[in-house]
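To keep things clear, I will list the structure first and then write my remarks on it.
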Amino acid sequence: MRLGVWGWAAVATLLVLVLAARVVVRPESTPTASGTTASGTSASDTAARDEPRPRVRFETVATGFREPVDLQFVPGAPGLAVVLEKPGRAKLVRFGQGGAPSESSLLLELPVRSSSELGLLGWAFHPRYLENGRFYLNDNPRDGGALRTRISEWTLPREQLGSGPPALRRVLLEIEQPFQNHDGGQVAFGPDGYLYIGMGDGGSRADPHDNGQDMSSLLGKMLRIDVDSEPGYGLPPDNPFLGQPNVRPEIWAAGLRNPWRFSFDPRGRLIAADVGQDRFEEVDWIAKGDNLGWRLREGTHCFLPAVGCPTEGLIEPIFEYGREQGQSITGGHVYGGDRLPWLRDRYVFGDHVSGRLWALELPARRGEPGRAELLGRFPIQFSAFARDTKGELYALDFARGSILRLDPS
Ligand SMILES: [Ca+2]
């Protein structure tokens, strides 16, 4: 892998000071304390006027990034993380301790297509990263080839982080993309050690090829592969559709529109935020073999057909909200830290357009509505959330290029 125009020697010596002063980002409006329902219609700004002060704020802990879209903490190295910039750069961030400024340096530069929703979109450390130095990327290569999603395997041992470039070990999977939007972006390892890949429906609008329900397509699906198998990748023996004719064996779940960000909670539950089309954004709790409904349904409502759509065998979201609340959901994480004890075990996520932030109590069973509390509305363009080893939560602001930590207000 070529490093690009900078050259590695220059990069290694270039340590960029990314933050000189702490900046606090407070909510723009007062949130409700009583929460929203699964329909998302009971909470409005007007209903929130008399509610108490917001209980959370964001503290800027690093800045200076261009369109950041992913933040992954380095295993075994508290205070060290990788940030992805959509136009094709990965940067190593060392968070300042005790008020010291954070620092960042260039780790990798990739030639990617970065128009629309394309770019360098996802990074996942191997569960045994400290032993094998491996990590995985989701990007859209700019190499003269077809428009596609590429899942690749790289190596950069922990002790070489910040002092040497990573090496491309192999390309695992390439998926052709018909349009420039809805190409997913997240890669994450489950507690089972398998790699999960969130794939959007391939784009345009209203899923014109019905990829979400087409089981012969990898688009509009959650995929699950075994990266510890060579050559190529392996298929976990309990993947739900193995051996079925005209069904791709990599599929773990179907019926997704664009699961831009998803995560596994400490109990191993796979929670995905699926970006909506015209009316509803949704949070899904996904299990093996699920069909989440797109494009038959958008949230808990018919989409195509608009009336009388089938519901049997489709798993409903655990939360949805309408256009009055936001326009593009960004999935987060279940909080587990010490800064906000009252927030523990709740799934915190936001909206990229409205800047609203919610905390969702996960329901007892998937497909049932969970109870969400609107935590506030912030001047932040949420592009991703991250959880550190202590369970504390961070957000990325796409527009301002900053990393923010969730704090009590
Ligand atoms: Ca759905």
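Ligands are numbered from 1 in the order shown, residues from 1 within each chain, and chains are lettered A, B, ... in the order they appear in the structure tokens.
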
Q | Neighbourhood of ligand 1 at 6 Å, counting only C-alpha atoms and all ligand atoms, reported as a PyMOL selection string | A | chain A and resi 292-294+298-299+317

Output file for the selection above: N, CA and C atoms, as a PDB file, in the first residue's frame:
```
ATOM      1  N   LEU A 292     -35.697  -7.128   8.708  1.00  0.00           N
ATOM      2  CA  LEU A 292     -36.097  -5.870   9.341  1.00  0.00           C
ATOM      3  C   LEU A 292     -37.097  -5.061   8.515  1.00  0.00           C
ATOM      4  N   GLY A 293     -37.492  -5.585   7.360  1.00  0.00           N
ATOM      5  CA  GLY A 293     -38.675  -5.025   6.714  1.00  0.00           C
ATOM      6  C   GLY A 293     -38.518  -4.126   5.506  1.00  0.00           C
ATOM      7  N   TRP A 294     -37.370  -3.406   5.380  1.00  0.00           N
ATOM      8  CA  TRP A 294     -37.213  -2.497   4.241  1.00  0.00           C
ATOM      9  C   TRP A 294     -37.192  -3.276   2.926  1.00  0.00           C
ATOM     10  N   GLU A 298     -41.133   1.088   6.354  1.00  0.00           N
ATOM     11  CA  GLU A 298     -40.205   2.099   6.854  1.00  0.00           C
ATOM     12  C   GLU A 298     -40.593   2.331   8.312  1.00  0.00           C
ATOM     13  N   GLY A 299     -39.714   1.929   9.229  1.00  0.00           N
ATOM     14  CA  GLY A 299     -40.122   1.938  10.623  1.00  0.00           C
ATOM     15  C   GLY A 299     -41.291   0.984  10.818  1.00  0.00           C
ATOM     16  N   PRO A 317     -38.880  -2.242  14.506  1.00  0.00           N
ATOM     17  CA  PRO A 317     -37.831  -1.521  15.236  1.00  0.00           C
ATOM     18  C   PRO A 317     -38.152  -1.422  16.728  1.00  0.00           C
TER      19      PRO A 317
END
```

**Q.** Residue set, stretch 75-318 of chain A restricted to helix (DSSP H, G or I), as a list in words
**A.**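 Answer for stretch 75-318 of chain A, restricted to helix (DSSP H, G or I): Tyr129, Leu130, Glu131, Asn132, Arg158, Glu159, Gln160, Asn211, Gly212 and Gln213 of chain A.
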
Would you mind exporting N, CA and C atoms of the selected residues as an mmCIF file, in the first residue's frame?
```cif
data_model
loop_
_atom_site.group_PDB
_atom_site.id
_atom_site.type_symbol
_atom_site.label_atom_id
_atom_site.label_comp_id
_atom_site.auth_asym_id
_atom_site.auth_seq_id
_atom_site.Cartn_x
_atom_site.Cartn_y
_atom_site.Cartn_z
ATOM 1 N N TYR A 129 -6.199 -8.431 18.344
ATOM 2 C CA TYR A 129 -5.287 -7.459 17.727
ATOM 3 C C TYR A 129 -3.922 -7.441 18.402
ATOM 4 N N LEU A 130 -3.891 -7.541 19.722
ATOM 5 C CA LEU A 130 -2.611 -7.459 20.427
ATOM 6 C C LEU A 130 -1.693 -8.615 20.055
ATOM 7 N N GLU A 131 -2.281 -9.744 19.601
ATOM 8 C CA GLU A 131 -1.458 -10.878 19.170
ATOM 9 C C GLU A 131 -1.103 -10.802 17.688
ATOM 10 N N ASN A 132 -2.102 -10.453 16.851
ATOM 11 C CA ASN A 132 -1.847 -10.568 15.410
ATOM 12 C C ASN A 132 -1.734 -9.228 14.668
ATOM 13 N N ARG A 158 0.620 -3.293 17.456
ATOM 14 C CA ARG A 158 0.421 -2.262 18.465
ATOM 15 C C ARG A 158 1.691 -1.458 18.718
ATOM 16 N N GLU A 159 2.830 -2.141 18.810
ATOM 17 C CA GLU A 159 4.077 -1.443 19.141
ATOM 18 C C GLU A 159 4.579 -0.571 17.993
ATOM 19 N N GLN A 160 3.987 -0.758 16.781
ATOM 20 C CA GLN A 160 4.410 0.075 15.645
ATOM 21 C C GLN A 160 3.417 1.201 15.347
ATOM 22 N N ASN A 211 -33.270 -4.436 -3.250
ATOM 23 C CA ASN A 211 -32.147 -5.208 -2.709
ATOM 24 C C ASN A 211 -32.374 -5.655 -1.275
ATOM 25 N N GLY A 212 -33.092 -4.834 -0.494
ATOM 26 C CA GLY A 212 -33.320 -5.182 0.904
ATOM 27 C C GLY A 212 -33.974 -6.539 1.089
ATOM 28 N N GLN A 213 -34.860 -6.886 0.148
ATOM 29 C CA GLN A 213 -35.583 -8.159 0.259
ATOM 30 C C GLN A 213 -35.043 -9.228 -0.703
#
```

Within 12 Å of stretch 57-80 of chain A: each stretch 276-341 of chain A residue with its shortest pair, only C-alpha atoms, as a Markdown table:
```
| residue | atom | partner | partner_atom | distance |
| --- | --- | --- | --- | --- |
| A:Thr330 | CA | A:Val69 | CA | 10.5 |
| A:Gly331 | CA | A:Asp70 | CA | 11.5 |
| A:Gly332 | CA | A:Asp70 | CA | 11.2 |
| A:Arg339 | CA | A:Arg57 | CA | 11.3 |
| A:Leu340 | CA | A:Arg57 | CA | 10.8 |
```

Q. Near stretch 262-264 of chain A, within 8 Å and counting only C-alpha atoms, which residues show up once chain neighbours fewer than 2 positions away are dropped, as a ChimeraX atom specification?
A. /A:186,188,190-191,198,259-260,266-273,331-333

Okay, now the selection with C-alpha atoms, as a PDB file, in the first residue's frame?
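Output below, filename part-v8.pdb:
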```
ATOM      1  CA  GLN A 186     -19.579  -0.042   9.708  1.00  0.00           C
ATOM      2  CA  ALA A 188     -17.487  -4.598  13.835  1.00  0.00           C
ATOM      3  CA  GLY A 190     -19.331  -9.580  17.486  1.00  0.00           C
ATOM      4  CA  PRO A 191     -18.715 -11.354  20.792  1.00  0.00           C
ATOM      5  CA  GLY A 198     -23.563  -3.414   7.606  1.00  0.00           C
ATOM      6  CA  PRO A 259     -27.376   0.662   8.731  1.00  0.00           C
ATOM      7  CA  TRP A 260     -24.666   3.352   8.738  1.00  0.00           C
ATOM      8  CA  PRO A 266     -21.860  -5.560  26.623  1.00  0.00           C
ATOM      9  CA  ARG A 267     -24.517  -8.291  26.631  1.00  0.00           C
ATOM     10  CA  GLY A 268     -23.812  -9.056  22.983  1.00  0.00           C
ATOM     11  CA  ARG A 269     -26.975  -7.514  21.557  1.00  0.00           C
ATOM     12  CA  LEU A 270     -26.565  -6.146  18.024  1.00  0.00           C
ATOM     13  CA  ILE A 271     -28.177  -2.704  17.872  1.00  0.00           C
ATOM     14  CA  ALA A 272     -28.325  -0.908  14.525  1.00  0.00           C
ATOM     15  CA  ALA A 273     -29.625   2.478  13.498  1.00  0.00           C
ATOM     16  CA  GLY A 331     -26.285   4.784  15.720  1.00  0.00           C
ATOM     17  CA  GLY A 332     -24.401   4.873  19.007  1.00  0.00           C
ATOM     18  CA  HIS A 333     -23.548   2.606  21.910  1.00  0.00           C
TER      19      HIS A 333
END
```

Q: Grab the atom CA of A:Phe398 to atom CA of A:Gln381 distance for me, in Å with one decimal place.
A: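 Separating atom CA of A:Phe398 from atom CA of A:Gln381 is a distance of 5.4 Å.
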
Q) Out of A:Arg356, A:Arg205, A:Arg128, A:Arg94, which residue has the shortest atom-to-atom distance to A:Leu161 when counting only C-alpha atoms? A) A:Arg94

Contacts of A:Lys390 within 9 Å, only C-alpha atoms, excl. fewer than 6 positions in-chain, as a PDB file with N, CA and C atoms, in the first residue's frame:
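Result file part_10.pdb:
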```pdb
ATOM      1  N   PRO A  78      -5.307   2.593  26.633  1.00  0.00           N
ATOM      2  CA  PRO A  78      -6.250   3.644  27.017  1.00  0.00           C
ATOM      3  C   PRO A  78      -5.740   5.016  26.569  1.00  0.00           C
ATOM      4  N   GLY A 336     -21.794   2.749  29.491  1.00  0.00           N
ATOM      5  CA  GLY A 336     -21.415   1.921  30.639  1.00  0.00           C
ATOM      6  C   GLY A 336     -20.400   2.588  31.541  1.00  0.00           C
ATOM      7  N   GLY A 337     -20.273   3.896  31.426  1.00  0.00           N
ATOM      8  CA  GLY A 337     -19.196   4.595  32.132  1.00  0.00           C
ATOM      9  C   GLY A 337     -19.557   5.053  33.532  1.00  0.00           C
ATOM     10  N   ASP A 338     -18.651   5.849  34.120  1.00  0.00           N
ATOM     11  CA  ASP A 338     -18.819   6.353  35.489  1.00  0.00           C
ATOM     12  C   ASP A 338     -19.238   7.816  35.536  1.00  0.00           C
TER      13      ASP A 338
END
```

Q: Output as a ChimeraX atom specification all residues of stretch 176-377 of chain A that backbone DSSP marks as strand (DSSP E).
A: /A:176,187-189,195-198,221-225,251-254,261-264,270-274,280-286,297-298,301-302,319-322,329-334,346-351,356-361,371-377

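In this comparison, which uses only C-alpha atoms, the residue of A:Glu324, A:Ser354, A:Leu235, A:Ala206 approaching A:Leu296 most closely is A:Ala206.
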
Q.
Need the shell around A:Ala90: protein/DNA/RNA residues with any atom at most 6 Å away, counting only C-alpha atoms. Skip same-chain ones fewer than 5 positions apart. Format as a ChimeraX atom specification?
A. /A:83-84,107-108

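Candidate residues A:Gly370, A:Gly144, A:Pro240, A:Gly98 were compared for distance to A:Val283, and the nearest is A:Gly370, using only C-alpha atoms.
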
Q) Which residue out of A:Gly401, A:Gly313, A:Pro408, A:Gly203 has the minimum interatomic distance to A:Glu85 when only C-alpha atoms are used? A)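 Once distances to A:Glu85 are computed over only C-alpha atoms, the minimum belongs to A:Gly401.
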
Q | For A:Ser217: contacts at 12 Å, only C-alpha atoms, fewer than 3 positions along chain excluded, given as a PyMOL selection string | A | chain A and resi 175-178+199-202+209-214+220-223+246-251+253-255

Q: Go through A:Tyr196, A:Phe241, A:Phe280, A:Tyr335 and flag the residue nearest A:Ser216, using only C-alpha atoms for the distances.
A: A:Phe241

Contacts of A:Arg113 at 8 Å or less, counting only C-alpha atoms, minus same-chain residues fewer than 5 places along, as a short mmCIF file (atom, residue, chain, number, x, y, z; two decimals) with C-alpha atoms, in the first residue's frame?
```
data_model
loop_
_atom_site.label_atom_id
_atom_site.label_comp_id
_atom_site.auth_asym_id
_atom_site.auth_seq_id
_atom_site.Cartn_x
_atom_site.Cartn_y
_atom_site.Cartn_z
CA PRO A 87 -11.89 11.61 2.27
CA LEU A 118 -18.59 7.25 -0.22
CA GLY A 119 -15.18 7.28 1.43
CA ASN A 140 -14.81 2.70 -1.58
CA PRO A 141 -11.60 2.48 -3.65
CA ARG A 142 -10.70 5.08 -6.25
#
```

Q | For A:Ser328, the nearest of the candidates A:Ile403, A:Val275, A:Leu375, A:Val307, counting only C-alpha atoms | A |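 Nearest to A:Ser328: A:Val275.
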